[in-house]
Structure formats: C-alpha cells, structure tokens
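S.K.: Next up, entry_24.cif (mmCIF, C-alpha atoms).
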data_entry
loop_
_atom_site.label_atom_id
_atom_site.label_comp_id
_atom_site.auth_asym_id
_atom_site.auth_seq_id
_atom_site.Cartn_x
_atom_site.Cartn_y
_atom_site.Cartn_z
CA MET A 5 -34.00 0.80 5.60
CA ARG A 6 -33.44 0.20 1.89
CA ASN A 7 -35.31 -2.60 0.24
CA THR A 8 -33.09 -3.52 -2.70
CA ASP A 9 -33.04 -6.21 -5.29
CA PRO A 10 -30.65 -9.17 -4.60
CA LEU A 11 -29.20 -8.84 -8.13
CA THR A 12 -28.44 -5.15 -7.59
CA GLU A 13 -26.71 -5.99 -4.31
CA GLU A 14 -24.63 -8.69 -6.03
CA LEU A 15 -23.71 -6.28 -8.83
CA ARG A 16 -22.69 -3.65 -6.27
CA ARG A 17 -20.51 -6.17 -4.42
CA TRP A 18 -19.00 -7.23 -7.76
CA SER A 19 -18.33 -3.63 -8.76
CA HIS A 20 -16.64 -2.94 -5.42
CA ALA A 21 -14.43 -6.00 -5.94
CA GLN A 22 -13.64 -4.88 -9.51
CA VAL A 23 -12.75 -1.32 -8.55
CA ASN A 24 -10.61 -2.43 -5.60
CA ARG A 25 -9.16 -5.43 -7.42
CA PHE A 26 -5.59 -4.13 -7.55
CA VAL A 27 -3.81 -3.15 -4.36
CA LEU A 28 -0.41 -1.55 -4.03
CA SER A 29 2.17 -3.60 -2.26
CA ARG A 30 5.84 -3.38 -1.41
CA ALA A 31 5.94 -6.87 0.07
CA ASP A 32 8.70 -9.22 -1.03
CA ARG A 33 10.01 -6.64 -3.50
CA SER A 34 13.49 -6.30 -2.03
CA VAL A 35 15.17 -5.46 1.23
CA HIS A 36 15.64 -1.79 1.99
CA VAL A 37 19.23 -0.53 2.03
CA LEU A 38 19.02 0.56 5.67
CA ASP A 39 17.76 -2.88 6.69
CA LYS A 40 20.81 -4.46 5.07
CA VAL A 41 23.12 -2.07 6.92
CA ARG A 42 21.39 -2.79 10.21
CA ASP A 43 21.83 -6.54 9.70
CA HIS A 44 25.54 -6.33 8.88
CA ALA A 45 26.73 -3.36 10.93
CA PRO A 46 28.77 -3.97 14.06
CA LEU A 47 26.90 -3.18 17.23
CA THR A 48 29.65 -1.27 19.09
CA ARG A 49 32.82 0.66 18.28
CA HIS A 50 34.87 -1.98 20.17
CA ARG A 51 33.32 -4.80 18.09
CA ALA A 52 33.95 -2.83 14.89
CA LEU A 53 37.66 -2.56 15.75
CA GLN A 54 37.82 -6.30 16.46
CA ASP A 55 36.13 -7.09 13.14
CA LEU A 56 38.47 -4.82 11.17
CA VAL A 57 41.78 -6.01 12.73
CA GLU A 58 42.33 -8.72 10.12
CA ARG A 59 41.66 -6.37 7.19
CA ASP A 60 45.23 -5.07 6.70
CA GLY A 61 45.94 -7.16 3.57
CA ALA A 62 48.42 -9.50 5.31
CA GLY A 63 46.47 -12.59 4.31
CA ARG A 64 46.55 -11.59 0.66
CA ARG A 65 50.27 -10.79 0.81
CA ARG A 66 51.00 -14.22 2.36
CA PHE A 67 48.86 -15.92 -0.29
CA MET A 68 50.72 -14.13 -3.10
CA ALA A 69 54.11 -14.96 -1.50
CA GLU A 70 53.27 -18.67 -1.47
CA ARG A 71 52.43 -18.56 -5.19
CA SER A 72 55.33 -16.30 -6.20
CA GLY A 73 57.80 -19.16 -6.41
CA VAL A 74 60.44 -17.39 -4.24
CA LYS A 75 61.76 -19.78 -1.62
CA GLY A 76 61.66 -18.61 1.98
CA MET A 77 59.37 -15.67 1.32
CA ALA A 78 56.60 -15.65 3.93
CA MET A 79 54.97 -12.36 2.96
CA LEU A 80 55.34 -10.03 0.01
CA PRO A 81 56.30 -6.45 0.79
CA ILE A 82 53.53 -3.86 0.38
CA TRP A 83 55.25 -2.26 -2.63
CA ALA A 84 55.13 -5.58 -4.54
CA VAL A 85 51.38 -6.11 -4.21
CA ASP A 86 48.94 -4.68 -6.69
CA PRO A 87 46.45 -2.49 -4.89
CA ILE A 88 42.84 -3.59 -4.92
CA ARG A 89 40.74 -0.72 -6.07
CA ALA A 90 37.82 0.10 -3.85
CA SER A 91 34.51 0.91 -5.41
CA ASN A 92 31.76 2.92 -3.82
CA ASP A 93 28.74 0.74 -4.39
CA SER A 94 26.65 2.19 -1.63
CA ASP A 95 23.26 3.61 -2.47
CA HIS A 96 21.22 6.35 -0.90
CA PRO A 97 18.12 5.24 1.03
CA HIS A 98 15.10 5.18 -1.21
CA ASP A 99 11.59 3.85 -1.25
CA ASN A 100 11.09 0.81 -3.38
CA PRO A 101 8.49 1.22 -6.12
CA GLU A 102 5.05 -0.03 -5.34
CA ILE A 103 3.64 -2.82 -7.43
CA ALA A 104 0.02 -3.60 -8.21
CA VAL A 105 -1.17 -6.96 -6.95
CA ASP A 106 -4.35 -8.45 -8.37
CA VAL A 107 -6.41 -9.76 -5.47
CA GLY A 108 -9.10 -10.96 -7.88
CA VAL A 109 -12.85 -11.21 -7.55
CA PRO A 110 -14.39 -13.38 -4.83
CA ASP A 111 -15.41 -16.82 -6.07
CA GLU A 112 -19.09 -16.29 -5.29
CA LEU A 113 -19.15 -13.28 -7.68
CA ARG A 114 -17.35 -14.87 -10.62
CA TRP A 115 -20.67 -15.80 -12.19
CA ILE A 116 -21.10 -12.10 -12.99
CA ASP A 117 -17.82 -12.05 -14.92
CA ARG A 118 -18.88 -15.16 -16.84
CA ALA A 119 -22.34 -13.72 -17.58
CA LEU A 120 -20.82 -10.44 -18.79
CA ALA A 121 -18.33 -12.30 -20.99
CA SER A 122 -21.18 -14.30 -22.51
CA MET A 123 -23.25 -11.16 -23.03
CA GLU A 124 -20.27 -9.39 -24.60
CA ARG A 125 -20.14 -11.91 -27.44
CA GLN A 126 -23.66 -11.03 -28.62
CA TYR A 127 -24.22 -7.55 -27.23
CA PRO A 128 -20.86 -5.83 -26.66
CA MET A 129 -22.37 -2.40 -26.02
CA ARG A 130 -24.85 -3.80 -23.49
CA ALA A 131 -22.03 -5.48 -21.55
CA LEU A 132 -19.99 -2.27 -21.69
CA ILE A 133 -22.97 -0.32 -20.34
CA LEU A 134 -23.42 -2.77 -17.45
CA ARG A 135 -19.71 -2.59 -16.56
CA THR A 136 -19.74 1.19 -16.74
CA GLU A 137 -22.95 1.54 -14.74
CA PHE A 138 -21.63 -0.42 -11.80
CA THR A 139 -17.93 0.48 -11.81
CA VAL A 140 -17.99 4.21 -12.57
CA SER A 141 -19.18 6.81 -10.09
CA ALA A 142 -20.85 9.48 -12.21
CA SER A 143 -24.26 10.48 -13.50
CA GLN A 144 -25.90 8.32 -16.13
CA ALA A 145 -25.50 11.12 -18.69
CA VAL A 146 -21.74 11.12 -18.12
CA LYS A 147 -21.66 7.32 -18.23
CA ALA A 148 -23.59 7.38 -21.54
CA ARG A 149 -20.98 9.75 -23.00
CA MET A 150 -18.17 7.50 -21.72
CA VAL A 151 -19.73 4.44 -23.36
CA ALA A 152 -20.30 6.37 -26.60
CA GLU A 153 -16.61 7.35 -26.65
CA LYS A 154 -15.46 3.80 -25.97
CA TYR A 155 -17.91 2.30 -28.45
CA ASP A 156 -17.00 5.00 -30.97
CA GLY A 157 -20.55 5.96 -31.81
CA LYS A 158 -23.53 7.95 -30.59
CA LEU A 159 -25.57 6.97 -27.58
CA THR A 160 -28.38 8.96 -26.01
CA LEU A 161 -29.28 8.80 -22.34
CA ARG A 162 -32.55 7.08 -23.31
CA GLN A 163 -30.67 4.39 -25.28
CA TYR A 164 -28.24 3.97 -22.39
CA ARG A 165 -31.09 3.35 -19.92
CA TYR A 166 -32.87 0.98 -22.32
CA GLU A 167 -29.73 -1.12 -22.86
CA LEU A 168 -29.01 -1.05 -19.11
CA GLY A 169 -32.50 -2.44 -18.41
CA ARG A 170 -32.04 -5.17 -21.02
CA GLY A 171 -28.63 -6.00 -19.58
CA ILE A 172 -29.99 -6.27 -16.05
CA ASP A 173 -32.78 -8.55 -17.33
CA SER A 174 -30.13 -10.79 -18.94
CA MET A 175 -28.17 -10.84 -15.69
CA ARG A 176 -31.35 -11.77 -13.80
CA GLY A 177 -31.69 -14.76 -16.14
CA ALA A 178 -28.06 -15.72 -15.57
CA MET A 179 -28.53 -15.44 -11.81
CA ALA A 180 -31.52 -17.76 -11.91
CA ALA A 181 -29.63 -20.38 -13.93
#
In structure tokens, how does this file's structure come out?
M.R.:
Amino acid sequence: MRNTDPLTEELRRWSHAQVNRFVLSRADRSVHVLDKVRDHAPLTRHRALQDLVERDGAGRRRFMAERSGVKGMAMLPIWAVDPIRASNDSDHPHDNPEIAVDVGVPDELRWIDRALASMERQYPMRALILRTEFTVSASQAVKARMVAEKYDGKLTLRQYRYELGRGIDSMRGAMAA
C-alpha cells in the first residue's frame, strides 16, 4: 500500500482531468444520411407505388392551366409545360467529423488552476514546470528539456527539480489557505 501525500494525490487527479479534458463526440452534430433515408423511405413496394401515384405532374399542369388565361382549359398538354429539371442531391454515406468537447475540470480541483494561474504571474517557469511534471508522462530529464524549449532557455535537471520542489511548496500553501 502506497502512503502518499494528499497534495500529490490532488495534483494527480487534477492532471488526469487536464489530460482527459477534451473528449471526442459526434452527438448532436447532424443526422446521418442513412438515418434520413430510413425515416422517409416507404416500408413496402406496394406503399411506394401508392405514394408515387400522384407524382405524374397532373397537379402542376392543372395549376398552370388555371393561370394561363385560356377559358375552358382544365389541364395543359405535356408539350406546353416546361420540364422541371431534376438534380441529384444525394450524398454517399459518410462518417460525420468528430468534435472535441471540453468536459472541464471538476469543481473540487479548480483551486489548483487558480493557484497555478497566480503562481504563473510571479514565477512563470515554476508554473510551467508544475504543469509539465503532472501532465506529461516522461522522465524528468525529458520534461526538463521540454520546459527549456517552451521557456526558450537552458534548464538543467537539477534546476528543474529545485523549481518543482518550490512549486509544490507553493501549492501546499495554497492548499492550506
């Protein structure tokens, strides 16, 4: 059984929430093409024929005859009606793109974000070291190089560990407050 510091446990929980903060979701993005077809498609061949019976253009020809101004004309002949061009607006089935959804940090761990933001104003490298230490899975030597690249300077492993210790002490003070 591991006997760990409560602050370290809180920082580990915070880092887990930070790393897993964004989840991929397809929810409420749009309706898939096949779902639309399933909703509007006729269920049987017989029902399809019944639904398509009235689609011969007779209604349009009657409507145009009424507005043509010719007395006694009930329906325009087919040759007198402008054809309605059909367009193929169907789409092939595809997966909708995934979007990142920010699920945030639990409320009980927001004090860590506030403490790091406060620390960042006075000691930006120390705050960067704390974030890197708890959110990156690598050796401390690699983490020190990462911080040095981000901070655009030189940082030894010894300096990294010293600043990490000072940062954890500051966090301990923030936790007590």
S.K.: Atom CA of Ala131 of chain A and atom CA of Glu167 of chain A are how many Å apart?
M.R.: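 Atom CA of Ala131 of chain A sits 8.9 Å away from atom CA of Glu167 of chain A.
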S.K.: Name the residues that the PyMOL selection byres ((chain A and resi 12-15) around 10) picks from the file above, as JSON, numbers by chain, using the file's chain letters and numbers.
M.R.: {"A": [8, 9, 10, 11, 16, 17, 18, 19, 20, 21, 112, 113, 116, 134, 135, 137, 138, 139, 172, 175, 176, 179]}
S.K.: Could you expand the PyMOL selection byres ((chain A and resi 120) around 10) into the explicit residues it covers here, written as a list in words?
M.R.: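 For this structure, the PyMOL selection byres ((chain A and resi 120) around 10) resolves to Arg114, Trp115, Ile116, Asp117, Arg118, Ala119, Ala121, Ser122, Met123, Glu124, Arg125, Tyr127, Pro128, Arg130, Ala131, Leu132, Leu134, Arg135, Gly171, Ser174, Met175 and Ala178 of chain A.
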S.K.: Taking the file as shown, what set of residues would the PyMOL selection byres ((chain A and resi 150) around 12) give back, as a list in words?
M.R.: Met129, Leu132, Ile133, Arg135, Thr136, Glu137, Val140, Ser141, Ala142, Ser143, Gln144, Ala145, Val146, Lys147, Ala148, Arg149, Val151, Ala152, Glu153, Lys154, Tyr155, Asp156, Gly157, Lys158, Leu159, Thr160, Leu161 and Tyr164 of chain A
S.K.: Record the distance separating atom CA of Asp111 of chain A and atom CA of Asn24 of chain A, expressed in Å with one decimal.
M.R.: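 Atom-to-atom, atom CA of Asp111 of chain A and atom CA of Asn24 of chain A are spaced 15.2 Å apart.
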S.K.: Just how far from atom CA of Val107 of chain A is atom CA of Ala180 of chain A, in Å to one decimal?
M.R.: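 Calculated distance between atom CA of Ala180 of chain A and atom CA of Val107 of chain A is 27.1 Å.
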